[in-house]
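These notes are about the structure you will find just below.
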Amino acid sequence: MIEKRFKNLDEQIEIFKHKGLIIYDEKYAKQVLLRENYFFLNGYRHLFYKSSTEKEFIEGTTFEELYSLFLFDRSFRNVIFKYLLVIENNLKSITSYQLSKKYGYREKDYLKAKNFTHDPERQRQVNDLLKKMRRQIRVNGSQHSATLHYVSNYGYIPLWILVKVLSFGIVSEMFSILKPEDQQEIANIYHVKVDNLLVYLPILANYRNLCAHEDILYENRTQKQIDDTIYHQLLDIPKENGEYIYGKSDLFALLIMMKEMLLKEDFKNMTIELENVVETLNYNLTSIKIEKVLHRMGFPKNWKDLAGIERSVDKE
């Protein structure tokens, strides 16, 4: 196995220059590399290479341009993260309300296996999830201010408080093992099909974690595709071999899911914020066009029009 040797800032600069990256201000570049990490910044190099085989920077590519893409992804990620937290909070509130209304508000009432799917093949998953939730009660009962308040004053933690300390992933998994009628009740509030929610929620939870850990967002692809939607049709997304080329497992698919989950005004505001981030990057690009970035993201040219398409629920 080849060992990766530590390279100091001067060596990192030389690697970039050797591959054709123009660095006008080496002192500034070193400051950026020290703060941001060469490995992370280097992760954005691919769009600026001459080709997938010719791994040299396109003539005229500057360090500032490479850093602009890095900063663009951070800004885009921060906007997405903000609204994913809105979706997460909404889901927790709606789920806890529906289940508390039906099964009770004490953990001895709502944390019963009989409240979940009776599918024999899912019982192990049900029991495992209930263990995770009980563990969160033990761990956070005395550490989180809200759970501590209820334990100290009432002797129990209602579900609408417990969800505050549950991860998006756990709440997403909880939805997947609810009884079909409970899934349908929650889906009706969103005006989204249960089958779509079963696909959307784990993807949204994964994106939430990706954003929280500052992983590369703009070119991320999910393993599972979302179904074709009316948005693909209305935006006239091009097809290749009978499949839409955008909005299936890319970042535009994430926007479609968020369109389905957010209130109309929230999605509109998010789109405006994302548009500003894209325009800033466009201003800073010199060696490549913004269309190349959008294509890598899976964004059609008319991606902003998604905000203007009304869902049937928006018209009510």
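How things are named: the first chain in the structure tokens is A, the next is B, and so on; residues count from 1 in each chain; ligands count from 1 in the order shown.
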Which neighbours of His144 (chain A) fall inside 12 Å, counting only C-alpha atoms, when residues of the same chain fewer than 6 positions from it are skipped, and could you give them as a PDB file with N, CA and C atoms, in the first residue's frame?
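The new file around.pdb reads:
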ATOM      1  N   GLN A 136     -32.754   7.067  24.065  1.00  0.00           N
ATOM      2  CA  GLN A 136     -32.717   8.524  24.022  1.00  0.00           C
ATOM      3  C   GLN A 136     -33.376   9.124  25.255  1.00  0.00           C
ATOM      4  N   ILE A 137     -34.407   8.473  25.754  1.00  0.00           N
ATOM      5  CA  ILE A 137     -35.056   8.947  26.979  1.00  0.00           C
ATOM      6  C   ILE A 137     -34.097   8.830  28.155  1.00  0.00           C
ATOM      7  N   ARG A 138     -33.380   7.694  28.230  1.00  0.00           N
ATOM      8  CA  ARG A 138     -32.423   7.508  29.338  1.00  0.00           C
ATOM      9  C   ARG A 138     -31.276   8.502  29.247  1.00  0.00           C
ATOM     10  N   TYR A 150     -39.729  17.820  31.984  1.00  0.00           N
ATOM     11  CA  TYR A 150     -40.880  16.908  32.067  1.00  0.00           C
ATOM     12  C   TYR A 150     -40.628  15.758  33.026  1.00  0.00           C
ATOM     13  N   VAL A 151     -39.409  15.222  33.030  1.00  0.00           N
ATOM     14  CA  VAL A 151     -39.091  14.138  33.952  1.00  0.00           C
ATOM     15  C   VAL A 151     -39.175  14.624  35.389  1.00  0.00           C
ATOM     16  N   SER A 152     -38.653  15.805  35.649  1.00  0.00           N
ATOM     17  CA  SER A 152     -38.614  16.344  37.014  1.00  0.00           C
ATOM     18  C   SER A 152     -39.999  16.734  37.518  1.00  0.00           C
ATOM     19  N   ILE A 157     -41.973  11.724  29.659  1.00  0.00           N
ATOM     20  CA  ILE A 157     -41.593  12.590  28.545  1.00  0.00           C
ATOM     21  C   ILE A 157     -42.576  12.358  27.399  1.00  0.00           C
ATOM     22  N   ILE A 161     -42.091  16.141  23.033  1.00  0.00           N
ATOM     23  CA  ILE A 161     -40.822  16.586  23.613  1.00  0.00           C
ATOM     24  C   ILE A 161     -39.700  15.639  23.208  1.00  0.00           C
ATOM     25  N   LEU A 162     -39.985  14.361  23.219  1.00  0.00           N
ATOM     26  CA  LEU A 162     -38.964  13.370  22.861  1.00  0.00           C
ATOM     27  C   LEU A 162     -38.424  13.594  21.449  1.00  0.00           C
ATOM     28  N   VAL A 163     -39.297  13.980  20.520  1.00  0.00           N
ATOM     29  CA  VAL A 163     -38.831  14.144  19.132  1.00  0.00           C
ATOM     30  C   VAL A 163     -37.757  15.223  19.010  1.00  0.00           C
ATOM     31  N   LYS A 164     -37.684  16.133  19.964  1.00  0.00           N
ATOM     32  CA  LYS A 164     -36.654  17.174  19.911  1.00  0.00           C
ATOM     33  C   LYS A 164     -35.251  16.584  20.008  1.00  0.00           C
ATOM     34  N   VAL A 165     -35.129  15.433  20.668  1.00  0.00           N
ATOM     35  CA  VAL A 165     -33.802  14.835  20.833  1.00  0.00           C
ATOM     36  C   VAL A 165     -33.606  13.613  19.929  1.00  0.00           C
ATOM     37  N   LEU A 166     -34.618  13.310  19.095  1.00  0.00           N
ATOM     38  CA  LEU A 166     -34.467  12.237  18.128  1.00  0.00           C
ATOM     39  C   LEU A 166     -33.901  12.794  16.842  1.00  0.00           C
TER      40      LEU A 166
END
Excluding region 27-31 of chain A and its own-chain neighbours fewer than 4 positions away, which residues fall within 10 Å of it when counting only C-alpha atoms? Please give them as JSON, numbers by chain. {"A": [8, 9, 10, 12, 13, 23, 35, 36, 37, 38, 63, 64, 67]}
Could you give me, as CSV, a per-residue list for region 6-75 of chain A showing, wherever an atom lies at most 9 Å from an atom of region 285-289 of chain A, the closest pair of atoms and their distance in Å to one decimal, using only C-alpha atoms and sorting by chain then residue number from low to high?
residue,atom,partner,partner_atom,distance
A:Leu47,CA,A:Ile288,CA,8.1
A:Phe48,CA,A:Ile288,CA,7.2
A:Ile58,CA,A:Ser287,CA,6.8
A:Glu59,CA,A:Ser287,CA,7.3
A:Gly60,CA,A:Ser287,CA,5.9
A:Thr61,CA,A:Ser287,CA,5.4
A:Thr62,CA,A:Ser287,CA,8.2
A:Glu65,CA,A:Leu285,CA,5.9
A:Leu66,CA,A:Leu285,CA,8.8
A:Ser68,CA,A:Leu285,CA,7.7
A:Leu69,CA,A:Leu285,CA,8.4
Å distance separating CA of Leu33 (chain A) from CA of Asn78 (chain A), one decimal place: 20.8 Å
Would you compute the distance between CA of Val293 (chain A) and CA of His232 (chain A)? Give it in Å to one decimal.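 Interatomic distance, CA of Val293 (chain A) to CA of His232 (chain A): 19.9 Å.
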Considering only strand (DSSP E or B) as DSSP defines it on the backbone, what residues of region 76-244 of chain A qualify? List them as a list of chain:residue names. A:Phe116, A:Leu178, A:Lys239, A:Glu240, A:Glu243, A:Tyr244
Which residue out of A:Thr271, A:Ser145, A:Ser52, A:Thr229 has the minimum interatomic distance to Gly308 (chain A) when only C-alpha atoms are used?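 Looking at the shortest contact to Gly308 (chain A), the residue is A:Thr271.
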Within 9 Å of Gly43 (chain A), counting only C-alpha atoms, which residues show up once you throw out same-chain ones fewer than 4 positions away? Write them as a JSON list (two decimals) with N, CA and C atoms, in the first residue's frame, please.
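What ended up in around-v9.json:
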[["chain", "number", "residue", "atom", "x", "y", "z"],
["A", 38, "TYR", "N", -6.44, 21.55, 2.26],
["A", 38, "TYR", "CA", -6.12, 21.25, 0.86],
["A", 38, "TYR", "C", -7.01, 20.13, 0.31],
["A", 39, "PHE", "N", -7.21, 19.09, 1.10],
["A", 39, "PHE", "CA", -7.99, 17.94, 0.64],
["A", 39, "PHE", "C", -9.41, 18.35, 0.28],
["A", 70, "PHE", "N", -15.82, 26.32, -4.14],
["A", 70, "PHE", "CA", -15.84, 25.81, -2.77],
["A", 70, "PHE", "C", -16.79, 26.64, -1.91],
["A", 216, "ILE", "N", -19.27, 17.66, 0.36],
["A", 216, "ILE", "CA", -19.57, 18.26, -0.94],
["A", 216, "ILE", "C", -21.02, 17.99, -1.30]]
So that I can check the secondary structure, give me every residue of region 88-224 of chain A assigned helix (DSSP H, G or I) by backbone DSSP, as a compact mmCIF listing (two decimals) with C-alpha atoms, in the first residue's frame.
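Output saved as result_25.txt:
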# COMPACT_ATOMS: atom_id res chain seq x y z
CA GLU A 88 -37.33 18.09 10.05
CA ASN A 89 -39.12 20.17 12.67
CA ASN A 90 -42.42 20.04 10.76
CA LEU A 91 -42.22 16.26 10.42
CA LYS A 92 -41.46 15.82 14.12
CA SER A 93 -44.33 18.09 15.11
CA ILE A 94 -46.87 16.46 12.78
CA THR A 95 -45.81 12.91 13.66
CA SER A 96 -45.81 13.48 17.41
CA TYR A 97 -49.21 15.20 17.25
CA GLN A 98 -50.83 12.41 15.24
CA LEU A 99 -49.40 9.60 17.36
CA SER A 100 -50.00 11.31 20.70
CA LYS A 101 -53.62 11.97 19.73
CA LYS A 102 -54.13 8.28 18.96
CA TYR A 103 -51.88 6.40 21.38
CA GLU A 107 -43.88 6.84 26.86
CA LYS A 108 -45.46 3.73 28.41
CA ASP A 109 -48.41 4.34 26.07
CA TYR A 110 -46.84 5.45 22.79
CA ALA A 113 -44.90 -2.44 19.62
CA LYS A 114 -48.62 -2.89 18.97
CA ASN A 115 -48.82 0.79 17.90
CA PRO A 120 -44.05 -10.09 10.90
CA GLU A 121 -41.00 -9.28 8.78
CA ARG A 122 -40.72 -5.80 10.33
CA GLN A 123 -41.04 -6.75 14.01
CA ARG A 124 -37.30 -6.84 14.61
CA GLN A 125 -37.01 -3.34 13.15
CA VAL A 126 -39.91 -2.17 15.34
CA ASN A 127 -38.27 -3.54 18.49
CA ASP A 128 -34.87 -2.11 17.54
CA LEU A 129 -36.32 1.34 16.96
CA LEU A 130 -38.23 1.29 20.23
CA LYS A 131 -34.95 0.44 21.99
CA LYS A 132 -33.28 3.43 20.30
CA MET A 133 -36.08 5.73 21.45
CA ARG A 134 -36.02 4.41 25.02
CA ARG A 135 -32.26 4.89 25.03
CA GLN A 136 -32.72 8.52 24.02
CA ILE A 137 -35.06 8.95 26.98
CA ARG A 138 -32.42 7.51 29.34
CA VAL A 139 -29.59 9.54 27.85
CA ASN A 140 -31.39 12.86 27.49
CA SER A 145 -33.56 21.02 29.32
CA ALA A 146 -36.97 20.13 27.89
CA THR A 147 -36.79 16.42 28.74
CA LEU A 148 -35.37 17.21 32.18
CA HIS A 149 -38.28 19.57 32.84
CA TYR A 150 -40.88 16.91 32.07
CA VAL A 151 -39.09 14.14 33.95
CA SER A 152 -38.61 16.34 37.01
CA ASN A 153 -42.11 17.84 37.06
CA LEU A 159 -43.62 12.32 22.35
CA TRP A 160 -43.76 15.96 21.28
CA ILE A 161 -40.82 16.59 23.61
CA LEU A 162 -38.96 13.37 22.86
CA VAL A 163 -38.83 14.14 19.13
CA LYS A 164 -36.65 17.17 19.91
CA VAL A 165 -33.80 14.83 20.83
CA PHE A 168 -34.17 13.07 11.56
CA GLY A 169 -33.06 9.56 10.65
CA ILE A 170 -34.85 7.96 13.60
CA VAL A 171 -38.07 9.89 12.94
CA SER A 172 -37.83 8.92 9.27
CA GLU A 173 -37.43 5.26 10.24
CA MET A 174 -40.32 5.57 12.68
CA PHE A 175 -42.58 6.70 9.83
CA SER A 176 -41.55 3.64 7.81
CA PRO A 180 -50.50 2.03 7.14
CA GLU A 181 -53.44 4.10 8.40
CA ASP A 182 -51.12 6.29 10.48
CA GLN A 183 -48.76 6.74 7.54
CA GLN A 184 -51.70 7.77 5.41
CA GLU A 185 -52.91 10.29 8.00
CA ILE A 186 -49.51 12.00 8.04
CA ALA A 187 -49.15 11.84 4.26
CA ASN A 188 -52.56 13.48 3.87
CA ILE A 189 -51.32 16.53 5.78
CA TYR A 190 -48.48 16.92 3.28
CA VAL A 194 -47.24 7.46 1.34
CA ASP A 195 -44.95 5.63 -1.11
CA ASN A 196 -43.28 8.93 -2.00
CA LEU A 197 -42.78 9.86 1.65
CA LEU A 198 -41.19 6.48 2.28
CA VAL A 199 -38.62 7.36 -0.40
CA TYR A 200 -38.25 11.06 0.43
CA LEU A 201 -37.69 10.94 4.19
CA PRO A 202 -34.51 8.81 4.34
CA ILE A 203 -33.03 10.81 1.46
CA LEU A 204 -33.84 14.10 3.19
CA ALA A 205 -32.37 12.78 6.46
CA ASN A 206 -29.16 11.81 4.65
CA TYR A 207 -28.91 15.23 3.04
CA ARG A 208 -29.45 16.84 6.43
CA ASN A 209 -26.43 14.93 7.77
CA LEU A 210 -24.37 15.70 4.67
CA CYS A 211 -25.02 19.41 5.15
CA ALA A 212 -24.29 19.28 8.87
Nearest to Asp236 (chain A): which of A:Asn302, A:Thr280, A:Gln143, A:Ser51 is it, counting only C-alpha atoms?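 For Asp236 (chain A), the nearest of the given residues is A:Asn302.
Using only C-alpha atoms, the nearest neighbour of Leu294 (chain A) within the list A:Tyr244, A:Phe72, A:Tyr105, A:Phe16 is A:Phe72.
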